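Next comes target-v8.txt, a file with compact mmCIF, C-alpha atoms and all ligand atoms.
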```
# COMPACT_ATOMS: atom_id res chain seq x y z
CA MET A 1269 -148.37 -85.20 19.17
CA LYS A 1270 -148.81 -81.74 17.79
CA LYS A 1271 -150.25 -81.47 14.28
CA LYS A 1272 -148.06 -79.78 11.68
CA ILE A 1273 -149.17 -76.59 9.94
CA ILE A 1274 -147.26 -75.12 7.01
CA VAL A 1275 -148.03 -71.47 6.26
CA VAL A 1276 -147.04 -70.78 2.65
CA GLY A 1277 -146.10 -67.09 2.41
CA GLY A 1278 -144.90 -64.85 5.23
CA GLY A 1279 -147.07 -61.82 4.51
CA ALA A 1280 -149.96 -60.10 6.26
CA ALA A 1281 -152.50 -62.94 6.07
CA GLY A 1282 -150.02 -65.73 6.89
CA PHE A 1283 -148.59 -63.96 9.91
CA PHE A 1284 -151.93 -62.89 11.34
CA CYS A 1285 -153.17 -66.46 11.12
CA ALA A 1286 -150.02 -67.88 12.73
CA ALA A 1287 -150.14 -65.24 15.47
CA ASN A 1288 -153.61 -66.51 16.43
CA LEU A 1289 -152.90 -70.24 16.29
CA ASP A 1290 -152.81 -72.36 19.44
CA GLU A 1291 -149.19 -73.31 20.07
CA LYS A 1292 -150.28 -76.13 22.38
CA LYS A 1293 -152.01 -77.85 19.48
CA TYR A 1294 -149.80 -77.04 16.54
CA GLU A 1295 -146.25 -76.98 15.32
CA VAL A 1296 -146.17 -74.16 12.78
CA LYS A 1297 -143.65 -73.30 10.06
CA ILE A 1298 -143.96 -70.17 7.94
CA LEU A 1299 -142.23 -70.65 4.58
CA GLU A 1300 -141.22 -67.42 2.86
CA GLN A 1301 -139.43 -67.13 -0.48
CA ASN A 1302 -137.76 -63.78 0.27
CA SER A 1303 -134.89 -63.19 2.67
CA ASP A 1304 -137.25 -61.37 5.00
CA VAL A 1305 -140.93 -61.64 5.85
CA LEU A 1306 -143.71 -59.02 5.83
CA GLN A 1307 -142.06 -56.90 3.15
CA LYS A 1308 -145.34 -55.45 1.88
CA VAL A 1309 -146.41 -54.55 5.40
CA LYS A 1310 -143.08 -52.76 5.76
CA ILE A 1311 -143.63 -50.45 2.77
CA SER A 1312 -147.39 -50.17 3.20
CA GLY A 1313 -149.07 -46.83 3.77
CA GLY A 1314 -145.86 -45.00 2.88
CA GLY A 1315 -144.02 -46.86 5.67
CA ARG A 1316 -146.76 -46.07 8.22
CA CYS A 1317 -148.99 -49.11 7.46
CA ASN A 1318 -152.63 -48.19 7.01
CA VAL A 1319 -153.73 -51.14 9.16
CA THR A 1320 -157.48 -50.78 8.75
CA HIS A 1321 -160.35 -48.27 8.39
CA ALA A 1322 -162.77 -46.85 10.93
CA CYS A 1323 -165.86 -48.45 9.45
CA PHE A 1324 -167.35 -50.72 12.07
CA ASP A 1325 -170.55 -51.95 10.44
CA PRO A 1326 -169.85 -54.96 8.21
CA ARG A 1327 -172.68 -53.91 5.85
CA ASP A 1328 -170.96 -50.57 5.23
CA LEU A 1329 -167.49 -52.08 5.20
CA VAL A 1330 -168.17 -54.52 2.33
CA LYS A 1331 -169.08 -51.59 0.07
CA PHE A 1332 -165.35 -50.83 -0.24
CA TYR A 1333 -164.62 -54.20 -1.90
CA PRO A 1334 -165.21 -54.29 -5.67
CA ARG A 1335 -164.59 -58.04 -5.55
CA GLY A 1336 -165.58 -60.13 -2.55
CA ASN A 1337 -168.24 -57.85 -1.08
CA LYS A 1338 -170.92 -60.55 -0.77
CA GLU A 1339 -168.57 -63.15 0.64
CA LEU A 1340 -166.91 -60.83 3.15
CA LEU A 1341 -170.13 -59.86 4.92
CA SER A 1342 -170.12 -63.00 7.06
CA VAL A 1343 -166.34 -62.76 7.54
CA PHE A 1344 -166.57 -59.18 8.85
CA SER A 1345 -169.50 -60.02 11.07
CA LYS A 1346 -167.01 -62.20 13.00
CA PHE A 1347 -163.92 -60.00 12.91
CA GLN A 1348 -164.04 -56.35 11.85
CA PRO A 1349 -161.89 -53.19 12.23
CA GLY A 1350 -162.90 -52.74 15.89
CA ASP A 1351 -161.56 -56.22 16.60
CA THR A 1352 -158.36 -55.39 14.72
CA MET A 1353 -157.86 -52.31 16.91
CA GLU A 1354 -158.45 -54.33 20.05
CA TRP A 1355 -156.14 -57.13 18.90
CA PHE A 1356 -153.23 -54.73 18.40
CA ALA A 1357 -154.01 -52.68 21.52
CA ASN A 1358 -153.92 -55.88 23.61
CA ARG A 1359 -150.39 -56.42 22.33
CA ASN A 1360 -149.22 -52.90 23.15
CA VAL A 1361 -149.55 -51.58 19.62
CA PRO A 1362 -152.21 -48.88 19.95
CA LEU A 1363 -153.78 -47.69 16.69
CA LYS A 1364 -155.18 -44.24 15.92
CA ILE A 1365 -157.97 -43.07 13.65
CA GLU A 1366 -157.06 -40.19 11.33
CA ASN A 1367 -159.46 -37.51 10.04
CA ASP A 1368 -160.23 -39.45 6.87
CA ASN A 1369 -160.99 -42.58 8.95
CA ARG A 1370 -157.82 -44.42 7.96
CA ILE A 1371 -156.23 -46.22 10.89
CA PHE A 1372 -152.46 -46.30 11.55
CA PRO A 1373 -150.22 -47.40 14.42
CA GLU A 1374 -149.78 -44.54 16.90
CA SER A 1375 -146.04 -44.92 16.29
CA ASN A 1376 -146.61 -43.99 12.61
CA SER A 1377 -144.32 -46.87 11.71
CA SER A 1378 -145.12 -50.17 10.02
CA GLN A 1379 -142.21 -51.63 11.99
CA SER A 1380 -144.43 -51.70 15.11
CA ILE A 1381 -146.79 -54.08 13.31
CA ILE A 1382 -143.90 -56.24 12.09
CA ASN A 1383 -142.27 -56.35 15.55
CA CYS A 1384 -145.60 -57.31 17.09
CA PHE A 1385 -146.12 -60.21 14.68
CA LYS A 1386 -142.54 -61.46 15.02
CA LYS A 1387 -142.80 -61.36 18.83
CA GLU A 1388 -146.03 -63.37 18.79
CA ILE A 1389 -144.47 -65.99 16.51
CA GLN A 1390 -141.34 -66.20 18.64
CA GLU A 1391 -143.30 -66.56 21.89
CA LYS A 1392 -145.28 -69.42 20.39
CA ASN A 1393 -142.06 -71.11 19.25
CA PHE A 1394 -143.25 -71.18 15.67
CA GLU A 1395 -140.59 -71.27 12.99
CA ILE A 1396 -139.98 -68.75 10.20
CA VAL A 1397 -138.09 -70.29 7.27
CA THR A 1398 -136.95 -67.64 4.79
CA LYS A 1399 -135.39 -68.01 1.32
CA THR A 1400 -137.69 -70.97 0.86
CA THR A 1401 -139.81 -71.02 -2.27
CA VAL A 1402 -142.69 -73.45 -2.39
CA ARG A 1403 -142.70 -74.95 -5.88
CA GLU A 1404 -145.33 -77.63 -5.60
CA ILE A 1405 -147.75 -79.12 -3.10
CA GLN A 1406 -148.82 -82.74 -3.35
CA LYS A 1407 -151.68 -84.36 -1.53
CA THR A 1408 -150.72 -87.65 0.10
CA GLU A 1409 -153.23 -89.89 1.83
CA ASN A 1410 -153.80 -87.79 4.96
CA GLN A 1411 -151.22 -85.07 4.64
CA TYR A 1412 -149.52 -82.68 2.23
CA LEU A 1413 -146.03 -82.84 0.83
CA VAL A 1414 -144.66 -79.33 0.33
CA LYS A 1415 -141.77 -79.23 -2.15
CA THR A 1416 -139.39 -76.27 -1.95
CA ASN A 1417 -135.98 -75.19 -3.20
CA ILE A 1418 -134.43 -76.36 0.10
CA GLY A 1419 -136.22 -79.67 0.43
CA GLU A 1420 -139.60 -81.19 1.35
CA PHE A 1421 -141.92 -80.53 4.30
CA ILE A 1422 -144.82 -82.61 5.57
CA ALA A 1423 -147.99 -80.86 6.75
CA ASP A 1424 -151.30 -81.91 8.23
CA TYR A 1425 -152.76 -78.52 7.33
CA ILE A 1426 -151.82 -75.89 4.77
CA ILE A 1427 -152.42 -72.17 5.19
CA TYR A 1428 -152.00 -70.77 1.70
CA THR A 1429 -151.30 -67.02 1.85
CA THR A 1430 -148.92 -66.26 -0.99
CA GLY A 1431 -150.35 -63.04 -2.37
CA SER A 1432 -151.25 -62.94 -6.01
CA SER A 1433 -148.19 -63.98 -8.03
CA PRO A 1434 -149.04 -66.09 -11.12
CA LYS A 1435 -146.66 -68.85 -9.92
CA SER A 1436 -148.47 -69.19 -6.61
CA LEU A 1437 -151.81 -69.39 -8.42
CA LYS A 1438 -150.41 -72.11 -10.68
CA ILE A 1439 -149.63 -74.28 -7.63
CA LEU A 1440 -153.29 -74.06 -6.63
CA GLU A 1441 -154.48 -74.73 -10.19
CA ASN A 1442 -152.36 -77.89 -10.21
CA LEU A 1443 -154.22 -78.96 -7.07
CA GLY A 1444 -157.58 -78.47 -8.82
CA HIS A 1445 -158.55 -74.88 -7.98
CA LYS A 1446 -159.91 -72.50 -10.59
CA THR A 1447 -158.55 -68.96 -10.75
CA VAL A 1448 -159.67 -65.69 -12.28
CA PRO A 1449 -156.78 -64.10 -14.25
CA ALA A 1450 -155.10 -61.27 -12.35
CA VAL A 1451 -155.36 -57.68 -13.61
CA PRO A 1452 -154.16 -54.49 -11.88
CA SER A 1453 -156.52 -52.58 -9.61
CA LEU A 1454 -156.06 -49.19 -7.87
CA PHE A 1455 -154.26 -47.04 -10.45
CA THR A 1456 -154.22 -43.45 -11.65
CA PHE A 1457 -155.14 -42.24 -15.13
CA ASN A 1458 -152.62 -40.89 -17.66
CA ILE A 1459 -154.02 -37.81 -19.42
CA HIS A 1460 -152.36 -35.16 -21.59
CA ASP A 1461 -154.56 -32.07 -21.63
CA GLU A 1462 -153.78 -28.37 -21.50
CA LEU A 1463 -156.19 -27.87 -18.59
CA LEU A 1464 -154.00 -30.08 -16.39
CA ASN A 1465 -150.62 -28.91 -17.68
CA GLU A 1466 -148.39 -27.24 -15.14
CA LEU A 1467 -150.81 -27.91 -12.29
CA PRO A 1468 -149.46 -31.07 -10.61
CA GLY A 1469 -150.26 -31.03 -6.91
CA THR A 1470 -153.55 -29.17 -7.38
CA SER A 1471 -156.28 -30.87 -5.40
CA PHE A 1472 -160.07 -30.64 -5.30
CA GLU A 1473 -162.07 -31.30 -2.15
CA TRP A 1474 -164.90 -33.03 -3.97
CA ALA A 1475 -165.16 -33.90 -7.65
CA GLU A 1476 -167.36 -36.17 -9.69
CA VAL A 1477 -165.82 -38.54 -12.21
CA SER A 1478 -167.65 -40.78 -14.66
CA ILE A 1479 -166.76 -43.20 -17.45
CA PRO A 1480 -169.80 -42.96 -19.76
CA LYS A 1481 -168.84 -46.09 -21.74
CA LEU A 1482 -168.87 -48.20 -18.57
CA LYS A 1483 -171.82 -46.39 -17.00
CA ILE A 1484 -170.03 -45.71 -13.74
CA GLU A 1485 -169.77 -42.59 -11.60
CA GLU A 1486 -167.66 -41.93 -8.51
CA SER A 1487 -167.04 -38.90 -6.36
CA GLY A 1488 -164.47 -37.82 -3.81
CA PRO A 1489 -161.26 -35.82 -3.55
CA LEU A 1490 -159.30 -35.48 -6.79
CA LEU A 1491 -155.64 -34.68 -7.48
CA ILE A 1492 -153.79 -33.47 -10.57
CA THR A 1493 -150.45 -35.27 -10.96
CA HIS A 1494 -147.56 -35.00 -13.44
CA TRP A 1495 -149.18 -37.76 -15.47
CA GLY A 1496 -152.86 -36.94 -15.24
CA LEU A 1497 -155.45 -37.49 -12.53
CA SER A 1498 -155.33 -39.33 -9.21
CA GLY A 1499 -156.95 -39.12 -5.78
CA PRO A 1500 -159.69 -41.19 -4.14
CA ALA A 1501 -162.32 -40.52 -6.85
CA ILE A 1502 -160.02 -41.92 -9.56
CA LEU A 1503 -158.68 -44.81 -7.46
CA LYS A 1504 -162.20 -45.93 -6.56
CA ILE A 1505 -163.34 -45.97 -10.18
CA SER A 1506 -160.14 -47.80 -11.22
CA ALA A 1507 -160.82 -50.52 -8.66
CA TRP A 1508 -164.51 -50.98 -9.45
CA LYS A 1509 -163.86 -51.23 -13.19
CA ALA A 1510 -160.40 -52.89 -13.02
CA ARG A 1511 -161.32 -55.70 -15.39
CA GLU A 1512 -163.26 -53.60 -17.91
CA LEU A 1513 -160.50 -50.97 -18.05
CA PHE A 1514 -157.93 -53.72 -18.65
CA ASP A 1515 -160.11 -54.94 -21.57
CA LEU A 1516 -160.12 -51.36 -22.94
CA ASN A 1517 -156.30 -51.38 -22.74
CA TYR A 1518 -156.68 -48.27 -20.55
CA GLN A 1519 -157.86 -46.14 -23.52
CA PHE A 1520 -161.18 -44.47 -22.74
CA GLU A 1521 -162.93 -41.16 -22.05
CA ILE A 1522 -163.80 -39.78 -18.64
CA LYS A 1523 -165.97 -36.85 -17.65
CA VAL A 1524 -164.95 -34.73 -14.68
CA ASN A 1525 -166.87 -32.16 -12.67
CA PHE A 1526 -164.19 -30.32 -10.69
CA SER A 1527 -166.74 -28.40 -8.62
CA ALA A 1528 -169.38 -30.00 -6.49
CA GLU A 1529 -172.03 -28.05 -8.50
CA THR A 1530 -174.20 -29.21 -11.39
CA ILE A 1531 -173.81 -27.12 -14.54
CA GLU A 1532 -177.28 -25.64 -13.94
CA ASP A 1533 -176.41 -24.56 -10.38
CA ALA A 1534 -173.04 -23.27 -11.56
CA GLU A 1535 -174.82 -21.03 -14.08
CA ILE A 1536 -177.04 -19.60 -11.35
CA ILE A 1537 -174.04 -19.01 -9.07
CA PHE A 1538 -172.22 -17.29 -11.93
CA ALA A 1539 -175.24 -15.08 -12.79
CA GLU A 1540 -175.66 -14.04 -9.14
CA PHE A 1541 -171.98 -13.18 -8.86
CA LYS A 1542 -172.18 -11.18 -12.09
CA GLN A 1543 -175.07 -9.17 -10.66
CA GLN A 1544 -173.33 -8.49 -7.35
CA HIS A 1545 -169.80 -7.79 -8.65
CA PRO A 1546 -170.13 -6.60 -12.27
CA LYS A 1547 -166.99 -4.47 -12.16
CA LYS A 1548 -164.60 -7.08 -10.77
CA THR A 1549 -162.20 -8.66 -13.21
CA ILE A 1550 -162.90 -12.31 -13.94
CA GLY A 1551 -159.30 -13.17 -13.00
CA GLN A 1552 -159.95 -11.93 -9.46
CA SER A 1553 -163.35 -13.60 -9.27
CA LYS A 1554 -162.66 -17.17 -8.24
CA ILE A 1555 -166.36 -17.90 -7.99
CA PHE A 1556 -166.08 -21.64 -7.30
CA ASN A 1557 -164.23 -23.74 -4.73
CA VAL A 1558 -161.06 -24.36 -6.77
CA THR A 1559 -157.51 -23.04 -6.38
CA GLN A 1560 -156.55 -19.68 -7.91
CA ARG A 1561 -154.04 -21.46 -10.16
CA PHE A 1562 -156.71 -23.78 -11.50
CA TRP A 1563 -159.08 -20.84 -12.01
CA ASN A 1564 -156.38 -19.04 -14.05
CA GLN A 1565 -155.88 -22.15 -16.14
CA LEU A 1566 -159.65 -22.50 -16.71
CA LEU A 1567 -159.70 -18.92 -18.05
CA ALA A 1568 -156.65 -19.60 -20.22
CA VAL A 1569 -158.06 -22.74 -21.85
CA SER A 1570 -161.45 -21.00 -22.29
CA ARG A 1571 -159.58 -18.13 -24.02
CA ILE A 1572 -160.99 -15.52 -21.60
CA ASN A 1573 -158.88 -12.47 -20.79
CA PRO A 1574 -158.51 -12.43 -16.96
CA GLU A 1575 -158.59 -8.60 -17.04
CA LYS A 1576 -162.11 -8.58 -18.47
CA GLN A 1577 -164.85 -7.37 -16.10
CA VAL A 1578 -167.36 -10.02 -15.04
CA ALA A 1579 -170.21 -7.97 -16.57
CA GLN A 1580 -168.48 -8.17 -19.96
CA ILE A 1581 -168.24 -11.99 -19.97
CA SER A 1582 -170.44 -13.19 -22.82
CA GLN A 1583 -172.88 -16.06 -22.57
CA LYS A 1584 -170.60 -18.10 -24.85
CA GLU A 1585 -167.55 -17.42 -22.69
CA MET A 1586 -169.41 -18.35 -19.51
CA ARG A 1587 -170.59 -21.61 -21.14
CA SER A 1588 -167.09 -22.48 -22.23
CA LEU A 1589 -165.73 -21.77 -18.73
CA LEU A 1590 -168.41 -23.81 -16.97
CA ASP A 1591 -168.08 -26.68 -19.44
CA GLN A 1592 -164.40 -26.95 -18.52
CA LEU A 1593 -165.27 -26.75 -14.83
CA CYS A 1594 -168.34 -28.97 -14.61
CA ARG A 1595 -168.30 -31.40 -17.51
CA LYS A 1596 -164.85 -31.65 -18.95
CA THR A 1597 -164.15 -34.71 -21.08
CA PHE A 1598 -160.62 -36.13 -20.98
CA LYS A 1599 -159.05 -38.86 -23.08
CA VAL A 1600 -157.29 -41.36 -20.83
CA GLU A 1601 -154.24 -42.95 -22.44
CA GLY A 1602 -152.77 -45.49 -20.04
CA LYS A 1603 -152.39 -45.83 -16.30
CA SER A 1604 -149.77 -45.30 -13.59
CA THR A 1605 -149.21 -46.97 -10.23
CA PHE A 1606 -150.54 -45.17 -7.18
CA LYS A 1607 -147.66 -44.58 -4.72
CA ASP A 1608 -146.30 -48.04 -5.64
CA GLU A 1609 -149.45 -49.52 -4.07
CA PHE A 1610 -150.29 -52.14 -6.62
CA VAL A 1611 -153.17 -54.39 -5.80
CA THR A 1612 -154.45 -57.04 -8.15
CA ALA A 1613 -157.99 -58.04 -8.97
CA GLY A 1614 -158.25 -61.76 -9.68
CA GLY A 1615 -157.16 -64.91 -7.91
CA VAL A 1616 -158.83 -68.03 -6.58
CA GLU A 1617 -162.51 -68.35 -7.55
CA LEU A 1618 -164.56 -67.38 -4.50
CA LYS A 1619 -167.17 -70.08 -4.95
CA GLU A 1620 -164.45 -72.63 -4.19
CA ILE A 1621 -163.93 -71.20 -0.69
CA ASN A 1622 -165.98 -71.83 2.42
CA PHE A 1623 -166.22 -68.34 3.94
CA LYS A 1624 -167.20 -69.69 7.36
CA ASN A 1625 -163.54 -70.59 7.93
CA MET A 1626 -161.66 -69.79 4.67
CA SER A 1627 -161.13 -73.48 3.91
CA SER A 1628 -160.90 -74.81 0.39
CA LYS A 1629 -164.02 -76.65 -0.78
CA ILE A 1630 -161.78 -78.76 -2.99
CA LEU A 1631 -158.88 -79.68 -0.72
CA GLU A 1632 -159.29 -81.06 2.76
CA ASN A 1633 -157.40 -79.34 5.60
CA PHE A 1634 -156.33 -76.58 3.21
CA TYR A 1635 -157.05 -72.90 3.93
CA ILE A 1636 -156.63 -69.96 1.54
CA ALA A 1637 -156.65 -66.24 2.41
CA GLY A 1638 -155.40 -62.79 1.47
CA GLU A 1639 -154.62 -61.36 -1.91
CA VAL A 1640 -154.35 -64.81 -3.51
CA LEU A 1641 -158.18 -64.81 -3.50
CA ASN A 1642 -160.28 -62.90 -6.03
CA ILE A 1643 -160.90 -60.21 -3.40
CA ASP A 1644 -159.62 -56.66 -3.39
CA ALA A 1645 -160.59 -53.29 -2.04
CA VAL A 1646 -160.18 -49.60 -2.70
CA THR A 1647 -157.35 -47.81 -0.90
CA GLY A 1648 -157.74 -46.94 2.81
CA GLY A 1649 -156.71 -49.96 4.90
CA PHE A 1650 -159.38 -52.30 3.52
CA ASN A 1651 -157.00 -54.75 1.84
CA PHE A 1652 -155.25 -55.46 5.13
CA GLN A 1653 -158.56 -55.70 6.97
CA ALA A 1654 -159.65 -58.50 4.63
CA CYS A 1655 -156.36 -60.29 5.43
CA TRP A 1656 -156.79 -59.90 9.21
CA SER A 1657 -160.43 -61.04 9.21
CA GLU A 1658 -159.89 -64.03 6.93
CA ALA A 1659 -156.75 -65.07 8.83
CA TRP A 1660 -158.56 -64.82 12.14
CA LEU A 1661 -161.32 -67.13 10.88
CA MET A 1662 -158.79 -69.75 9.77
CA ALA A 1663 -157.04 -69.70 13.15
CA GLU A 1664 -160.37 -69.89 15.03
CA ASP A 1665 -161.40 -72.90 12.98
CA LEU A 1666 -158.11 -74.68 13.56
CA ASN A 1667 -158.03 -73.85 17.27
CA GLY A 1668 -161.48 -75.45 17.55
C1 LIG B 1701 -146.65 -50.38 -1.79
C2 LIG B 1701 -147.89 -50.99 -1.21
C3 LIG B 1701 -148.53 -50.34 -0.16
C4 LIG B 1701 -149.70 -50.88 0.38
N1 LIG B 1701 -150.27 -50.24 1.42
C5 LIG B 1701 -151.40 -50.74 1.98
C6 LIG B 1701 -151.97 -50.13 3.14
O1 LIG B 1701 -151.42 -49.19 3.70
N2 LIG B 1701 -153.13 -50.66 3.62
C7 LIG B 1701 -153.73 -51.77 3.04
O2 LIG B 1701 -154.77 -52.19 3.53
N3 LIG B 1701 -153.17 -52.38 1.98
C8 LIG B 1701 -152.02 -51.92 1.44
N4 LIG B 1701 -151.45 -52.56 0.39
C9 LIG B 1701 -152.03 -53.85 -0.05
C10 LIG B 1701 -151.56 -54.94 0.93
O3 LIG B 1701 -150.16 -54.82 1.10
C11 LIG B 1701 -151.91 -56.34 0.42
O4 LIG B 1701 -153.30 -56.41 0.20
C12 LIG B 1701 -151.50 -57.40 1.47
O5 LIG B 1701 -150.12 -57.32 1.71
C13 LIG B 1701 -151.85 -58.79 1.02
O6 LIG B 1701 -151.38 -59.68 2.02
P1 LIG B 1701 -151.10 -61.22 1.70
O7 LIG B 1701 -150.63 -61.82 2.96
O8 LIG B 1701 -152.25 -61.82 1.01
O9 LIG B 1701 -149.93 -61.17 0.62
P2 LIG B 1701 -148.47 -60.58 0.77
O10 LIG B 1701 -148.40 -59.54 1.79
O11 LIG B 1701 -148.07 -60.26 -0.64
O12 LIG B 1701 -147.62 -61.80 1.31
C14 LIG B 1701 -147.42 -62.98 0.55
C15 LIG B 1701 -146.07 -63.53 0.89
O13 LIG B 1701 -145.94 -64.82 0.29
C16 LIG B 1701 -144.64 -64.95 -0.26
N5 LIG B 1701 -144.71 -65.98 -1.31
C17 LIG B 1701 -145.37 -65.92 -2.47
N6 LIG B 1701 -145.24 -67.06 -3.16
C18 LIG B 1701 -144.47 -67.88 -2.39
C19 LIG B 1701 -143.98 -69.19 -2.56
N7 LIG B 1701 -144.26 -69.91 -3.65
N8 LIG B 1701 -143.22 -69.72 -1.58
C20 LIG B 1701 -142.93 -69.02 -0.45
N9 LIG B 1701 -143.36 -67.76 -0.26
C21 LIG B 1701 -144.13 -67.20 -1.19
C22 LIG B 1701 -144.33 -63.56 -0.76
O14 LIG B 1701 -142.94 -63.35 -0.92
C23 LIG B 1701 -144.93 -62.69 0.34
O15 LIG B 1701 -144.01 -62.41 1.36
C24 LIG B 1701 -150.28 -52.07 -0.17
C25 LIG B 1701 -149.65 -52.71 -1.23
C26 LIG B 1701 -148.45 -52.20 -1.74
C27 LIG B 1701 -147.78 -52.93 -2.86
```
Here is the file; what I need is its structure written in the form of structure tokens.
Amino acid sequence: MKKKIIVVGGGAAGFFCAANLDEKKYEVKILEQNSDVLQKVKISGGGRCNVTHACFDPRDLVKFYPRGNKELLSVFSKFQPGDTMEWFANRNVPLKIENDNRIFPESNSSQSIINCFKKEIQEKNFEIVTKTTVREIQKTENQYLVKTNIGEFIADYIIYTTGSSPKSLKILENLGHKTVPAVPSLFTFNIHDELLNELPGTSFEWAEVSIPKLKIEESGPLLITHWGLSGPAILKISAWKARELFDLNYQFEIKVNFSAETIEDAEIIFAEFKQQHPKKTIGQSKIFNVTQRFWNQLLAVSRINPEKQVAQISQKEMRSLLDQLCRKTFKVEGKSTFKDEFVTAGGVELKEINFKNMSSKILENFYIAGEVLNIDAVTGGFNFQACWSEAWLMAEDLNG
């Protein structure tokens, strides 16, 4: 007789686990509350699904996970982005690496990933049960009783992959698990400042951002939006300090260096330019690697006439200009969602999970993976990679 597995939640982690389970050993049902499965995969990566990231050394890979980095090292040493690429390629879904190392399906469509998963599940004769909300799970002597809106299911094993909704965490708490309260991660900063006004869409190749109060610094590309600042440098810092920024109610100061230069180097560069081009107007002298529109705005907020010759720029004016460029302080007043990509920090306490196989240390024959755990990553395909790797370990353990 085949053993019964109930997968609670038809998302990335649940499907990847089911797709790797041995159909000769198990009868598998995926219970999903929505009318369709894999809805987050569908909208992920702007509809292209950023499946993973071209970072193939587990020690480097874990550095992208503000929560879970220690625990994931052993997980990634067993299944990492190279394995993900191979897994999909073997199923006729080739993936491609883009210039920034993000990995997408060659088709540029998340539907290829969804079709692939659904095909695997169908070929294994596993069942997908939609519009089925798991409300409670009870442990019986050797099995689990899964109570839903459409009735009860019996399971020998539970794969718990519900994502991070408070209700799904409550079910685990009722079974004895501890959870860390969920707070948002990966968001952009709301800022009202004349330097940023009228410049949405302006990007910077490399900027440095710090939050002095939290003693954290990040660097990377930066983007001015309608609401303030975004881009990898901001998203990274929002993820690393997700909990502290929540405690500050998203009211804090940040310092930004829009150029890759220190203020001291910027002064030298400015002085050299002044010597070489004294007669040029400052408006035409975009000395640093920023857009002309941003340069004009820097001059405007520093109250410098763009028609003034570089030689006539006073020491005070230069200081004011370089302060805006290299060490501008902004007041952040709130946050916004990044391209609808909301990820939460928080979830099941990691010390209650056995990371050799993602099993619960509290409940026998019970596995937990994906965003329901207190694990999350910066943007770039890392959140899915954690799902694939964890799900693969669960399936390996069950397949024996
Ligand atoms: C807009 C957006 C874009 C994203 N893009 C990317 C990207 O490109 N790359 C990347 O790496 N990450 C991305 N992410 C993050 C990524 O989608 C998540 O990390 C990932 O989906 C988590 O997978 P999961 O299986 O743990 O949970 P989910 O994908 O959330 O799946 C959980 C499933 O369980 C179901 N469920 C919950 N509770 C119950 C219940 N009680 N009974 C039955 N069913 C239940 C839910 O309806 C859901 O279908 C994105 C997130 C968003 C919101």
Check: Which chains and residue numbers are within 7 Å of ligand LIG 1701 (chain B), counting only C-alpha atoms and all ligand atoms, if I want them as JSON, numbers by chain?
Finding: {"A": [1276, 1277, 1278, 1279, 1280, 1281, 1282, 1299, 1300, 1301, 1302, 1305, 1306, 1307, 1308, 1309, 1311, 1312, 1313, 1314, 1317, 1318, 1319, 1320, 1400, 1401, 1402, 1403, 1429, 1430, 1431, 1432, 1433, 1435, 1436, 1607, 1608, 1609, 1610, 1611, 1637, 1638, 1639, 1640, 1647, 1648, 1649, 1650, 1651, 1652, 1653, 1655]}
Check your understanding: Taking all atoms listed in the file into account, which of A:Val1296, A:Cys1285, A:Val1397, A:Leu1491 comes nearest Lys1272 of chain A?
Key ->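 Between A:Val1296, A:Cys1285, A:Val1397, A:Leu1491, the residue approaching Lys1272 of chain A most closely is A:Val1296.
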One residue among A:Asp1328, A:Asp1304, A:Glu1512, A:Glu1473 is nearest to Pro1452 of chain A when using all atoms listed in the file, and that residue is A:Glu1512
Would you work out the distance separating atom CA of Asn1517 of chain A from atom CA of Pro1468 of chain A, expressed in Å to one decimal?
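It comes out at 24.6 Å.
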field: Residue contacts of His1494 of chain A (10 Å, all atoms listed in the file) excluding same-chain residues fewer than 4 positions away, as a count of residues only
entry: 10
Of A:Arg1316, A:His1321, A:Lys1386, A:Arg1370, the one nearest to Thr1352 of chain A when counting only C-alpha atoms is A:His1321
Identify the residues within 8 Å of coordinate (-164.3, -67.9, -7.1) (same frame as the file), considering all atoms listed in the file, and give the answer as a PDB file with C-alpha atoms, keeping the file's coordinate frame.
```pdb
ATOM      1  CA  LYS A1446    -159.910 -72.500 -10.590  1.00  0.00           C
ATOM      2  CA  THR A1447    -158.550 -68.960 -10.750  1.00  0.00           C
ATOM      3  CA  VAL A1448    -159.670 -65.690 -12.280  1.00  0.00           C
ATOM      4  CA  GLY A1615    -157.160 -64.910  -7.910  1.00  0.00           C
ATOM      5  CA  VAL A1616    -158.830 -68.030  -6.580  1.00  0.00           C
ATOM      6  CA  GLU A1617    -162.510 -68.350  -7.550  1.00  0.00           C
ATOM      7  CA  LEU A1618    -164.560 -67.380  -4.500  1.00  0.00           C
ATOM      8  CA  LYS A1619    -167.170 -70.080  -4.950  1.00  0.00           C
ATOM      9  CA  GLU A1620    -164.450 -72.630  -4.190  1.00  0.00           C
ATOM     10  CA  ILE A1621    -163.930 -71.200  -0.690  1.00  0.00           C
ATOM     11  CA  LEU A1641    -158.180 -64.810  -3.500  1.00  0.00           C
ATOM     12  CA  ASN A1642    -160.280 -62.900  -6.030  1.00  0.00           C
TER      13      ASN A1642
END
```
From the list A:Gln1580, A:Gln1390, A:Asn1564, A:Asn1410, which residue is nearest His1545 of chain A when using all atoms listed in the file?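 The closest residue to His1545 of chain A is A:Gln1580.
Across the structure, atom CA of Glu1291 of chain A and atom CA of Lys1310 of chain A are spaced 25.8 Å apart.
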